[in-house]
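Novice: Okay, here's the structure, questions in a sec.
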Amino acid sequence: MTNTLDGSTRNGVDTAALFATREAVKAAPQAAQFQFRVHNEWVTGTHSRGTLHDFYGVGAERTHERSFTFDADHPAVLTGRDNGPTPTEFVLYALAACLTAGLANIAAARGVRLTSVRSTIAGDIDLNGILGLDPGVRNGYQNITVRFTVSGDASPETLRALVEQSRKRSAVYDVITNQVPVQIEVDTE
């Protein structure tokens, strides 16, 4: 963990930049509009490869400093070749990463030095839904459990409150727990 390096960096978070970003968005709300993108291509079977490079934010098209490539697949027991995590595992990872990033930012903003943050996220899926065997079973997770172990220079109550605030502000938690409209468009060649 990165601790305070100067007056504005705590937990690896540049708090001056964090507060400046918040104030800039407050002054110009249109700057808050972002669109993130994933470009995905089928490889074979249940294996696909996604690339993340471009996005829109702060009023302009932008790119990451480098491209990120991820493979997704299913394990052999689910007709795949295990070339990568399942898409549903990426959802769990996205939740873990979002909650952890939020926790680090919120703790830094409140002057709390974190020394360790670990989480385990488990999701329960019933294949009867995905396989179309029981229309009463949903295709996705029936339940997700998040378990954090957090230590830092604050009381247990404060650390729990930081995790709760991260949950309240987590974009991924919101996506998972609220119905997000999804449009699917198909072009053919």
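Labels used: A, B, ... for chains in the order of the structure tokens, numbers from 1 for residues in each chain, and numbers from 1 for ligands as shown.
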Would you write out, as JSON lines, a table of all residues in region 22-140 of chain A that have an atom no more than 10 Å from an atom of region 144-160 of chain A, listing for each the closest atom pair and the distance in Å to one decimal, considering only C-alpha atoms and ordering rows by chain and rising residue number?
Specialist:
```
{"residue": "A:Leu92", "atom": "CA", "partner": "A:Ile144", "partner_atom": "CA", "distance": 8.3}
{"residue": "A:Leu95", "atom": "CA", "partner": "A:Val146", "partner_atom": "CA", "distance": 8.9}
{"residue": "A:Ala96", "atom": "CA", "partner": "A:Val146", "partner_atom": "CA", "distance": 7.9}
{"residue": "A:Leu99", "atom": "CA", "partner": "A:Val146", "partner_atom": "CA", "distance": 9.7}
{"residue": "A:Thr100", "atom": "CA", "partner": "A:Phe148", "partner_atom": "CA", "distance": 9.2}
{"residue": "A:Leu103", "atom": "CA", "partner": "A:Leu159", "partner_atom": "CA", "distance": 9.1}
{"residue": "A:Ala107", "atom": "CA", "partner": "A:Leu159", "partner_atom": "CA", "distance": 8.3}
{"residue": "A:Gly111", "atom": "CA", "partner": "A:Asp153", "partner_atom": "CA", "distance": 9.3}
{"residue": "A:Val112", "atom": "CA", "partner": "A:Asp153", "partner_atom": "CA", "distance": 6.1}
{"residue": "A:Arg113", "atom": "CA", "partner": "A:Gly152", "partner_atom": "CA", "distance": 5.5}
{"residue": "A:Leu114", "atom": "CA", "partner": "A:Gly152", "partner_atom": "CA", "distance": 4.1}
{"residue": "A:Thr115", "atom": "CA", "partner": "A:Gly152", "partner_atom": "CA", "distance": 4.9}
{"residue": "A:Ser116", "atom": "CA", "partner": "A:Ser151", "partner_atom": "CA", "distance": 5.2}
{"residue": "A:Val117", "atom": "CA", "partner": "A:Val150", "partner_atom": "CA", "distance": 4.6}
{"residue": "A:Arg118", "atom": "CA", "partner": "A:Thr149", "partner_atom": "CA", "distance": 5.2}
{"residue": "A:Ser119", "atom": "CA", "partner": "A:Phe148", "partner_atom": "CA", "distance": 4.3}
{"residue": "A:Thr120", "atom": "CA", "partner": "A:Arg147", "partner_atom": "CA", "distance": 5.3}
{"residue": "A:Ile121", "atom": "CA", "partner": "A:Val146", "partner_atom": "CA", "distance": 4.5}
{"residue": "A:Ala122", "atom": "CA", "partner": "A:Thr145", "partner_atom": "CA", "distance": 5.3}
{"residue": "A:Gly123", "atom": "CA", "partner": "A:Ile144", "partner_atom": "CA", "distance": 4.3}
{"residue": "A:Asp124", "atom": "CA", "partner": "A:Ile144", "partner_atom": "CA", "distance": 6.5}
{"residue": "A:Ile125", "atom": "CA", "partner": "A:Ile144", "partner_atom": "CA", "distance": 9.3}
```
Novice: Atoms to include: C-alpha atoms. Write the selected residues as a PDB file, in the first residue's frame.
Specialist:
```
ATOM      1  CA  LEU A  92     -17.767 -10.471  -9.706  1.00  0.00           C
ATOM      2  CA  LEU A  95     -17.765  -5.509  -8.341  1.00  0.00           C
ATOM      3  CA  ALA A  96     -14.702  -6.284  -6.194  1.00  0.00           C
ATOM      4  CA  LEU A  99     -15.845  -1.419  -4.271  1.00  0.00           C
ATOM      5  CA  THR A 100     -12.118  -1.538  -3.497  1.00  0.00           C
ATOM      6  CA  LEU A 103     -12.991   2.366  -0.530  1.00  0.00           C
ATOM      7  CA  ALA A 107     -10.681   6.535   2.949  1.00  0.00           C
ATOM      8  CA  GLY A 111      -7.849  11.017   6.013  1.00  0.00           C
ATOM      9  CA  VAL A 112      -7.881   7.289   6.825  1.00  0.00           C
ATOM     10  CA  ARG A 113      -4.722   5.349   6.033  1.00  0.00           C
ATOM     11  CA  LEU A 114      -5.504   1.817   4.859  1.00  0.00           C
ATOM     12  CA  THR A 115      -2.959  -0.913   5.509  1.00  0.00           C
ATOM     13  CA  SER A 116      -4.784  -3.876   3.955  1.00  0.00           C
ATOM     14  CA  VAL A 117      -7.936  -4.473   1.939  1.00  0.00           C
ATOM     15  CA  ARG A 118      -8.948  -7.961   0.826  1.00  0.00           C
ATOM     16  CA  SER A 119     -12.260  -9.197  -0.465  1.00  0.00           C
ATOM     17  CA  THR A 120     -13.874 -12.411  -1.574  1.00  0.00           C
ATOM     18  CA  ILE A 121     -16.987 -12.230  -3.696  1.00  0.00           C
ATOM     19  CA  ALA A 122     -19.072 -15.325  -4.364  1.00  0.00           C
ATOM     20  CA  GLY A 123     -22.014 -15.582  -6.726  1.00  0.00           C
ATOM     21  CA  ASP A 124     -24.512 -18.428  -6.884  1.00  0.00           C
ATOM     22  CA  ILE A 125     -25.904 -19.429 -10.301  1.00  0.00           C
TER      23      ILE A 125
END
```
Novice: Excluding same-chain residues fewer than 4 positions from region 78-90 of chain A, what lies within 10 Å of it counting only C-alpha atoms, as a PyMOL selection string?
Specialist: chain A and resi 44-49+70-74+94-96+121-123+125+127+140-141
Novice: Residues within 12 Å of His53 (chain A), please, as a list of chain:residue names. Count only C-alpha atoms; anything in the same chain fewer than 3 positions from it doesn't count.
Specialist: A:Gln35, A:Phe36, A:Arg37, A:Val38, A:His39, A:Asn40, A:Gly50, A:Tyr56, A:Glu61, A:Arg62, A:Thr63, A:His64, A:Glu65, A:Arg66, A:Ser67, A:Phe68, A:Thr69, A:Phe70
Novice: Using the chain letters and numbers from this document, which residues of region 79-183 of chain A does DSSP assign to helix (DSSP H, G or I), as number ranges by chain?
Specialist: A: 87-109, 127-130, 156-169, 171-177
Novice: Would you mind reading off the distance between CA of Ser170 (chain A) and CA of Ile106 (chain A), one decimal, in Å?
Specialist: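 A separation of 11.2 Å between them.
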Novice: Which parts of region 140-171 of chain A does DSSP call strand (DSSP E) when run on the backbone here, written out as a list in words?
Specialist: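 Going through region 140-171 of chain A, the strand (DSSP E) residues come out as Asn143, Ile144, Thr145, Val146, Arg147, Phe148, Thr149, Val150, Ser151 and Gly152 of chain A.
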Novice: What does the file look like for those residues with N, CA and C atoms, as a PDB file, in the first residue's frame?
Specialist:
```pdb
ATOM      1  N   ASN A 143     -27.694 -14.888  -6.022  1.00  0.00           N
ATOM      2  CA  ASN A 143     -27.197 -14.253  -4.805  1.00  0.00           C
ATOM      3  C   ASN A 143     -25.716 -13.947  -4.979  1.00  0.00           C
ATOM      4  N   ILE A 144     -25.297 -12.806  -4.476  1.00  0.00           N
ATOM      5  CA  ILE A 144     -23.880 -12.442  -4.451  1.00  0.00           C
ATOM      6  C   ILE A 144     -23.538 -12.053  -3.019  1.00  0.00           C
ATOM      7  N   THR A 145     -22.444 -12.609  -2.502  1.00  0.00           N
ATOM      8  CA  THR A 145     -21.974 -12.284  -1.170  1.00  0.00           C
ATOM      9  C   THR A 145     -20.594 -11.640  -1.274  1.00  0.00           C
ATOM     10  N   VAL A 146     -20.446 -10.475  -0.650  1.00  0.00           N
ATOM     11  CA  VAL A 146     -19.182  -9.752  -0.630  1.00  0.00           C
ATOM     12  C   VAL A 146     -18.655  -9.778   0.801  1.00  0.00           C
ATOM     13  N   ARG A 147     -17.413 -10.228   0.961  1.00  0.00           N
ATOM     14  CA  ARG A 147     -16.803 -10.275   2.289  1.00  0.00           C
ATOM     15  C   ARG A 147     -15.479  -9.517   2.243  1.00  0.00           C
ATOM     16  N   PHE A 148     -15.399  -8.434   2.997  1.00  0.00           N
ATOM     17  CA  PHE A 148     -14.197  -7.603   3.079  1.00  0.00           C
ATOM     18  C   PHE A 148     -13.443  -7.871   4.369  1.00  0.00           C
ATOM     19  N   THR A 149     -12.135  -7.809   4.303  1.00  0.00           N
ATOM     20  CA  THR A 149     -11.275  -7.736   5.475  1.00  0.00           C
ATOM     21  C   THR A 149     -10.457  -6.465   5.280  1.00  0.00           C
ATOM     22  N   VAL A 150     -10.651  -5.495   6.181  1.00  0.00           N
ATOM     23  CA  VAL A 150     -10.049  -4.174   6.026  1.00  0.00           C
ATOM     24  C   VAL A 150      -9.307  -3.814   7.303  1.00  0.00           C
ATOM     25  N   SER A 151      -8.105  -3.271   7.134  1.00  0.00           N
ATOM     26  CA  SER A 151      -7.390  -2.735   8.288  1.00  0.00           C
ATOM     27  C   SER A 151      -6.805  -1.377   7.920  1.00  0.00           C
ATOM     28  N   GLY A 152      -6.692  -0.550   8.929  1.00  0.00           N
ATOM     29  CA  GLY A 152      -6.169   0.793   8.735  1.00  0.00           C
ATOM     30  C   GLY A 152      -6.130   1.527  10.061  1.00  0.00           C
TER      31      GLY A 152
END
```
Novice: Which residue gives the smallest distance to Ile176 (chain A) among A:Ala24, A:Val91, A:Leu162, A:Ala108, with only C-alpha atoms counted?
Specialist: A:Val91
Novice: Pick from A:Pro75, A:Gly102, A:Gly129, A:Gly59: nearest to Tyr173 (chain A), with only C-alpha atoms counted?
Specialist: A:Gly102
Novice: Using Å and a single decimal, report how far CA of Gln179 (chain A) sits from CA of Gln33 (chain A).
Specialist: 19.7 Å
